[in-house]
Structure formats: C-alpha cells, structure tokens
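Down below is the structure, laid out as structure tokens.
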Amino acid sequence: MLDRFTDNARRAIFYARGEAAERGSEEIEADHLLYGVLKTDRALLEKLGISLDGLQKLGSAFAKRDRGRPVSPPGIPLSIESRNAISQSAAVADRQGSPQVGVSQFLAGLLAGAPRLRKTLTDAGANADAIDGAISKIEPAFERQLPAGLEMVTGRFCAGVGYDLHRLEAGRKLMIGGVEIPFDKGSVGHSDGDVLAHAICDALLGAATLGDIGTHFPDTDPKWKGASSLLFLENIVSMLDEHLGMISHIDAVVICERPKLGPHFPAMKRALAKALKIDPAQINLKAKTNEGVDAVGRGEALAAHAVATILQS
Ligand code: MG
C-alpha cells in the first residue's frame, strides 16, 4: 500500500501514528493523517494560509476528543476512512501519471476520502480558494535519486522471531518454503506442514505485534486443512499492509538430517518472495543438521527458526 509513497508522505503517516498513539486513539483517523501531512510540509501549510498556531489548534482539537491512555504505535490500525483516503491518494497520483504519491497527492486523497476535513482546514485558518488551488495544481511526485545507503528511513524497524517443528512420517509430501522436496517422508500437519513457512509467519506476526500463527490460522479450522502455507504468508502480507508494516528482511534456518536442502533454496526463496511480495534477495536461508541427536537428529522431525524485520511507518 505504501510502496509508492515518497519519504515525506510516509513521514506524514509516521507523525499521524505518533499522534494517535499519544492520544490513546483506537485507530489512526483521517484527522491524524491530515495533521501529519500539514506537519510534514511547511510549504504546503503556508500555501493553505495556515499558521503554526492554526496547526497547533488543529492538533489540540482531536487531543480533546481522544482521551484514552497512550498506546504502542505499531498496534494502531488505520480507520476505514483513513484507508479509503490512502487509496484515493494513489488514485490522484494515477490520474496525474505521477509515479509516486507525494504529500500534495496525499492531501488531495484525504479531502476526497474524507470531505469533512475541508471544514477542519478552514477552521484551522485555511482559505477555501487556497485549498482548491493546493489540490488542483499538484506537481507530480518523482522518486528522488539518492546514492545507495542514503535512503531516508521513516518509521522504525521491528524484529520478530519464529520457531516451528513438525514430525516426519513415511508416505507424506514434504513441503518446505513453498516447494515440494522429493523425499520418502513428509511432515505431519493440519495444513501442508511447511515448517519454514510457519516459522516465517510467526516471525512476521511477532515483528508487527499481531500475535501468532495459531491465533490467525487455527488447526481446528477446516478451512486450513491441507492448505498451502503460502496462503498464510499472503494473508499476513495483507495484515501488514493494514498496519503499515513493510518487510525489510527475513533470515531463517531449517534443521533436518536429510534430505539436503541447499539445492532447493533458490526455488524456496522465489516461492516465499512471491507470496510475501518482496524480492528473493530479501530472504536468507540456511540449513543445519542436528548432528544425529534427538528426534530431529534421528530423522523423526524437522524444525525451523526465523527472524524477520519490518519497517513500521
Ligand atoms: Mg507448524
């Protein structure tokens, strides 16, 4: 959802999330987003005719409304109105042929998705003609060309850890990382028993503070019987989208005595990356044996550990 947002547009969401968290709001409302947009772009603020006092007044207006206790920023979802406004911003950029969504497109999207905000702007001192001017004469936003390593990061990195183990039985399919591996045994599970995909699911859910795989895809639900675990990953990507999390990197290790997994890693990375809508280069896979020790070492089971980092706007 945020792939096309410029650093500044993402900074606006970061400010909005911070405001919502500080005020103890249950959701990031369109009002918070508007505040974030104005706080991010001083030039836009001036163009609208809003003073810094006006901006402060706008902030204190919803401070009066949100009276909850401060909450942790990553856990706050976008309201339906906010999600709609973000989609509208992308539509504004599309109409202009703008490759990216900048702060101005974001403002236009907010006013299209939540027209009531026009009054909020005029209450804060904006001139009605200036509002129309600001959203009708928008410069297309183009990606800035920064040297590698100098990209601006807006938000914070969160890490999550995942672990899984499945028993191995003769005559079952062995699915690891979304790929069927030829072997005389396969993992026992309600879904396809993909130990690597399950560990990655838990790592991603952990990074986004969204619970665990058992809560979202319970093995008591017939819907998931025999299901491809790549479906779990696709569902988690939608959840991350809703919570404005972007996957940065995944590292995982699969532990089993046999078969050799290294030759299958390129195919696994491709399958996992496709389900996660990321580049295979963002995934690192490793394999270990258990040195013949314990159930894994005797070939009765296989296990996986994963760590994921996400950038939380
Ligand atoms: Mg499992």
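Residues are referred to by chain and number: the chain letter is A, B, ... according to the order shown in the structure tokens, the number counts from 1 in that chain, and ligands are numbered separately from 1 in the order shown.
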
Taking a cut-off of 8 Å and counting only C-alpha atoms and all ligand atoms, can you build a table that, for each residue of chain A near ligand 1, reports the nearest atom pair and how far apart they are in Å (one decimal), sorted by chain then residue number, as CSV?
```
residue,atom,partner,partner_atom_place_in_ligand_line,distance
A:Asp164,CA,ligand 1,1 (Mg),5.3
A:Leu165,CA,ligand 1,1 (Mg),6.2
A:His166,CA,ligand 1,1 (Mg),6.2
A:Gly189,CA,ligand 1,1 (Mg),6.7
A:Gly193,CA,ligand 1,1 (Mg),5.7
A:Asp194,CA,ligand 1,1 (Mg),6.5
A:Val195,CA,ligand 1,1 (Mg),5.3
A:His198,CA,ligand 1,1 (Mg),5.1
A:Ala199,CA,ligand 1,1 (Mg),7.3
```

- Message: Could you go through stretch 4-189 of chain A and tell me which residues DSSP, when run on the backbone, assigns to strand (DSSP E or B), listing them as a list in words?
- Response: Phe5, Ile28, Leu78, Gln100, Val101, Ala141, Arg156, Phe157, Cys158, Ala159, Gly160, Val161, Gly162, Tyr163, Asp164, Leu165, His166, Arg167, Leu168, Glu169, Ala170, Met175, Ile176, Val179, Glu180, Lys185, Gly186 and Ser187 of chain A

- Message: Ranking A:Val92, A:Ala112, A:Leu240, A:Val188 by minimum distance to A:Arg167 and counting only C-alpha atoms, which one comes first?
- Response: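 Closest candidate: A:Val188.
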
- Message: If we count only C-alpha atoms and set the cut-off at 9 Å, which residues sit around A:Ile135, ignoring sequence neighbours fewer than 5 positions away in its own chain? Please answer as a PyMOL selection string.
- Response: chain A and resi 104-105+107-109+111+130

Residues as selected, N, CA and C atoms, written as a CSV table (one decimal), in the first residue's frame, can you do that?
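Done, and the output landed in selection_6.csv:
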```csv
chain,number,residue,atom,x,y,z
A,104,SER,N,1.3,16.3,-1.4
A,104,SER,CA,0.2,17.0,-2.0
A,104,SER,C,-0.9,16.1,-2.5
A,105,GLN,N,-0.4,15.0,-3.1
A,105,GLN,CA,-1.4,13.9,-3.6
A,105,GLN,C,-2.1,13.4,-2.4
A,107,LEU,N,-2.8,14.9,0.5
A,107,LEU,CA,-3.8,15.9,0.9
A,107,LEU,C,-5.0,15.8,0.0
A,108,ALA,N,-4.8,15.7,-1.3
A,108,ALA,CA,-6.0,15.6,-2.2
A,108,ALA,C,-6.7,14.4,-1.9
A,109,GLY,N,-6.0,13.3,-1.7
A,109,GLY,CA,-6.7,12.0,-1.4
A,109,GLY,C,-7.5,12.1,-0.1
A,111,LEU,N,-8.9,14.7,1.3
A,111,LEU,CA,-10.1,15.6,1.1
A,111,LEU,C,-11.1,14.8,0.2
A,130,ALA,N,-7.4,28.7,-1.5
A,130,ALA,CA,-6.1,28.2,-1.3
A,130,ALA,C,-6.2,26.6,-1.3
```

- Item | Neighbour list for stretch 14-18 of chain A as a ChimeraX atom specification, cut-off 10 Å, only C-alpha atoms, skip fewer than 2 positions in-chain | /A:8-12,20-25,27-40,70-78,154-156,244,312-313

May I have the residues from that selection written out with N, CA and C atoms, as a short mmCIF file (atom, residue, chain, number, x, y, z; two decimals), in the first residue's frame?
```
data_model
loop_
_atom_site.label_atom_id
_atom_site.label_comp_id
_atom_site.auth_asym_id
_atom_site.auth_seq_id
_atom_site.Cartn_x
_atom_site.Cartn_y
_atom_site.Cartn_z
N ASN A 8 8.49 11.73 2.34
CA ASN A 8 7.73 12.74 3.07
C ASN A 8 6.30 12.29 3.34
N ALA A 9 5.68 11.64 2.34
CA ALA A 9 4.31 11.17 2.54
C ALA A 9 4.28 10.10 3.64
N ARG A 10 5.34 9.28 3.68
CA ARG A 10 5.40 8.26 4.74
C ARG A 10 5.70 8.90 6.09
N ARG A 11 6.44 9.99 6.06
CA ARG A 11 6.71 10.68 7.31
C ARG A 11 5.40 11.23 7.89
N ALA A 12 4.50 11.68 7.00
CA ALA A 12 3.19 12.18 7.44
C ALA A 12 2.42 11.09 8.19
N ALA A 20 -1.80 9.61 17.12
CA ALA A 20 -2.88 8.69 17.52
C ALA A 20 -2.45 7.92 18.77
N ALA A 21 -1.16 7.49 18.80
CA ALA A 21 -0.66 6.71 19.93
C ALA A 21 -0.64 7.56 21.21
N GLU A 22 -0.16 8.79 21.06
CA GLU A 22 -0.03 9.67 22.22
C GLU A 22 -1.38 9.99 22.82
N ARG A 23 -2.38 10.11 21.93
CA ARG A 23 -3.73 10.45 22.40
C ARG A 23 -4.53 9.23 22.81
N GLY A 24 -3.96 8.04 22.65
CA GLY A 24 -4.68 6.83 23.03
C GLY A 24 -5.85 6.53 22.12
N SER A 25 -5.75 6.95 20.85
CA SER A 25 -6.84 6.69 19.91
C SER A 25 -6.81 5.21 19.50
N GLU A 27 -7.80 4.04 16.63
CA GLU A 27 -7.45 3.92 15.22
C GLU A 27 -6.72 5.18 14.77
N ILE A 28 -5.97 5.06 13.66
CA ILE A 28 -5.40 6.27 13.05
C ILE A 28 -6.51 6.86 12.18
N GLU A 29 -7.07 7.96 12.65
CA GLU A 29 -8.19 8.59 11.95
C GLU A 29 -7.66 9.47 10.82
N ALA A 30 -8.56 9.83 9.91
CA ALA A 30 -8.18 10.73 8.81
C ALA A 30 -7.70 12.07 9.37
N ASP A 31 -8.24 12.48 10.52
CA ASP A 31 -7.80 13.74 11.16
C ASP A 31 -6.32 13.69 11.53
N HIS A 32 -5.90 12.52 12.07
CA HIS A 32 -4.50 12.35 12.42
C HIS A 32 -3.63 12.45 11.16
N LEU A 33 -4.11 11.83 10.07
CA LEU A 33 -3.34 11.87 8.82
C LEU A 33 -3.22 13.30 8.31
N LEU A 34 -4.31 14.06 8.40
CA LEU A 34 -4.29 15.45 7.94
C LEU A 34 -3.25 16.24 8.75
N TYR A 35 -3.27 16.02 10.04
CA TYR A 35 -2.30 16.69 10.92
C TYR A 35 -0.88 16.32 10.50
N GLY A 36 -0.66 15.02 10.22
CA GLY A 36 0.67 14.54 9.81
C GLY A 36 1.11 15.20 8.51
N VAL A 37 0.19 15.32 7.54
CA VAL A 37 0.51 15.94 6.25
C VAL A 37 0.94 17.38 6.45
N LEU A 38 0.19 18.11 7.26
CA LEU A 38 0.48 19.54 7.45
C LEU A 38 1.78 19.74 8.23
N LYS A 39 2.01 18.83 9.19
CA LYS A 39 3.23 18.95 9.99
C LYS A 39 4.47 18.64 9.15
N THR A 40 4.30 17.77 8.15
CA THR A 40 5.43 17.35 7.32
C THR A 40 5.86 18.43 6.33
N PRO A 70 -2.08 6.53 26.38
CA PRO A 70 -1.17 6.29 25.26
C PRO A 70 -1.04 4.79 24.99
N VAL A 71 -0.96 4.42 23.70
CA VAL A 71 -0.80 3.01 23.34
C VAL A 71 0.44 2.85 22.46
N SER A 72 0.84 1.59 22.23
CA SER A 72 2.03 1.34 21.43
C SER A 72 1.74 1.60 19.95
N PRO A 73 2.53 2.44 19.27
CA PRO A 73 2.21 2.82 17.90
C PRO A 73 1.99 1.65 16.92
N PRO A 74 2.83 0.57 16.92
CA PRO A 74 2.64 -0.43 15.88
C PRO A 74 1.27 -1.11 15.93
N GLY A 75 0.63 -1.09 17.10
CA GLY A 75 -0.64 -1.81 17.23
C GLY A 75 -1.86 -1.04 16.74
N ILE A 76 -1.69 0.22 16.33
CA ILE A 76 -2.88 1.01 15.97
C ILE A 76 -3.21 0.85 14.49
N PRO A 77 -4.40 0.34 14.19
CA PRO A 77 -4.76 0.19 12.77
C PRO A 77 -5.29 1.49 12.17
N LEU A 78 -5.32 1.55 10.86
CA LEU A 78 -5.94 2.68 10.17
C LEU A 78 -7.44 2.53 10.22
N THR A 154 11.81 6.37 7.30
CA THR A 154 10.79 6.99 8.13
C THR A 154 10.04 5.88 8.84
N GLY A 155 10.11 5.87 10.13
CA GLY A 155 9.47 4.81 10.88
C GLY A 155 10.49 4.13 11.75
N ARG A 156 10.17 2.92 12.17
CA ARG A 156 11.17 2.23 12.98
C ARG A 156 11.18 0.75 12.62
N LEU A 244 0.49 -0.88 8.09
CA LEU A 244 1.56 -0.05 7.52
C LEU A 244 2.95 -0.59 7.81
N GLN A 312 8.20 -0.24 10.28
CA GLN A 312 6.84 0.15 10.72
C GLN A 312 6.71 1.66 10.57
N SER A 313 5.82 2.09 9.66
CA SER A 313 5.65 3.54 9.47
C SER A 313 4.94 4.15 10.65
#
```

- Item | Gap from atom CA of A:Gln282 to atom CA of A:Ile255 - Å, one decimal | 20.7 Å

- Query: So how far away is atom CA of A:Ala124 from atom CA of A:Leu58, in Å?
  - Reply: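 So the answer is 5.9 Å.
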
- Message: Env of A:Gly171: 12 Å cut, atoms = only C-alpha atoms, seq-sep filter 5 positions within chain, self excluded. Answer as a PyMOL selection string.
- Response: chain A and resi 182-188

- Residues near A:Gly160, cut-off 10 Å, only C-alpha atoms, skip fewer than 2 positions along chain, as a PyMOL selection string: chain A and resi 158+162+200-209+250+306-310

Keeping only N, CA and C atoms, write the selected residues as a PDB file, in the first residue's frame.
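Just written: out-v6.pdb:
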```
ATOM      1  N   CYS A 158      11.225  -3.109  13.423  1.00  0.00           N
ATOM      2  CA  CYS A 158      10.807  -4.010  14.489  1.00  0.00           C
ATOM      3  C   CYS A 158      11.199  -5.419  14.065  1.00  0.00           C
ATOM      4  N   GLY A 162      10.474 -16.507  15.042  1.00  0.00           N
ATOM      5  CA  GLY A 162       9.517 -17.598  14.858  1.00  0.00           C
ATOM      6  C   GLY A 162      10.211 -18.943  14.948  1.00  0.00           C
ATOM      7  N   ILE A 200       8.381 -18.469   9.530  1.00  0.00           N
ATOM      8  CA  ILE A 200       8.403 -17.102   8.972  1.00  0.00           C
ATOM      9  C   ILE A 200       7.106 -16.371   9.320  1.00  0.00           C
ATOM     10  N   CYS A 201       5.972 -17.082   9.281  1.00  0.00           N
ATOM     11  CA  CYS A 201       4.685 -16.465   9.664  1.00  0.00           C
ATOM     12  C   CYS A 201       4.798 -15.889  11.076  1.00  0.00           C
ATOM     13  N   ASP A 202       5.292 -16.698  12.000  1.00  0.00           N
ATOM     14  CA  ASP A 202       5.370 -16.251  13.398  1.00  0.00           C
ATOM     15  C   ASP A 202       6.366 -15.104  13.565  1.00  0.00           C
ATOM     16  N   ALA A 203       7.459 -15.136  12.795  1.00  0.00           N
ATOM     17  CA  ALA A 203       8.438 -14.046  12.882  1.00  0.00           C
ATOM     18  C   ALA A 203       7.803 -12.733  12.415  1.00  0.00           C
ATOM     19  N   LEU A 204       7.061 -12.790  11.318  1.00  0.00           N
ATOM     20  CA  LEU A 204       6.427 -11.564  10.783  1.00  0.00           C
ATOM     21  C   LEU A 204       5.339 -11.061  11.722  1.00  0.00           C
ATOM     22  N   LEU A 205       4.521 -11.990  12.238  1.00  0.00           N
ATOM     23  CA  LEU A 205       3.448 -11.573  13.156  1.00  0.00           C
ATOM     24  C   LEU A 205       4.061 -10.973  14.423  1.00  0.00           C
ATOM     25  N   GLY A 206       5.186 -11.556  14.859  1.00  0.00           N
ATOM     26  CA  GLY A 206       5.857 -11.034  16.049  1.00  0.00           C
ATOM     27  C   GLY A 206       6.385  -9.626  15.819  1.00  0.00           C
ATOM     28  N   ALA A 207       6.996  -9.410  14.650  1.00  0.00           N
ATOM     29  CA  ALA A 207       7.558  -8.090  14.344  1.00  0.00           C
ATOM     30  C   ALA A 207       6.465  -7.020  14.320  1.00  0.00           C
ATOM     31  N   ALA A 208       5.267  -7.428  13.900  1.00  0.00           N
ATOM     32  CA  ALA A 208       4.167  -6.454  13.796  1.00  0.00           C
ATOM     33  C   ALA A 208       3.286  -6.444  15.052  1.00  0.00           C
ATOM     34  N   THR A 209       3.687  -7.149  16.079  1.00  0.00           N
ATOM     35  CA  THR A 209       2.901  -7.348  17.312  1.00  0.00           C
ATOM     36  C   THR A 209       1.462  -7.729  16.995  1.00  0.00           C
ATOM     37  N   ILE A 250      14.279 -11.185   5.922  1.00  0.00           N
ATOM     38  CA  ILE A 250      13.956 -12.434   6.631  1.00  0.00           C
ATOM     39  C   ILE A 250      15.191 -13.321   6.625  1.00  0.00           C
ATOM     40  N   ALA A 306      13.174 -18.606  12.462  1.00  0.00           N
ATOM     41  CA  ALA A 306      13.210 -17.465  11.530  1.00  0.00           C
ATOM     42  C   ALA A 306      13.213 -16.160  12.301  1.00  0.00           C
ATOM     43  N   VAL A 307      13.870 -15.175  11.739  1.00  0.00           N
ATOM     44  CA  VAL A 307      13.833 -13.817  12.260  1.00  0.00           C
ATOM     45  C   VAL A 307      13.392 -12.911  11.114  1.00  0.00           C
ATOM     46  N   ALA A 308      12.454 -12.007  11.417  1.00  0.00           N
ATOM     47  CA  ALA A 308      12.008 -11.060  10.385  1.00  0.00           C
ATOM     48  C   ALA A 308      12.138  -9.641  10.919  1.00  0.00           C
ATOM     49  N   THR A 309      12.530  -8.717  10.043  1.00  0.00           N
ATOM     50  CA  THR A 309      12.473  -7.305  10.421  1.00  0.00           C
ATOM     51  C   THR A 309      11.498  -6.611   9.481  1.00  0.00           C
ATOM     52  N   ILE A 310      10.671  -5.746  10.072  1.00  0.00           N
ATOM     53  CA  ILE A 310       9.776  -4.952   9.244  1.00  0.00           C
ATOM     54  C   ILE A 310       9.992  -3.483   9.572  1.00  0.00           C
TER      55      ILE A 310
END
```
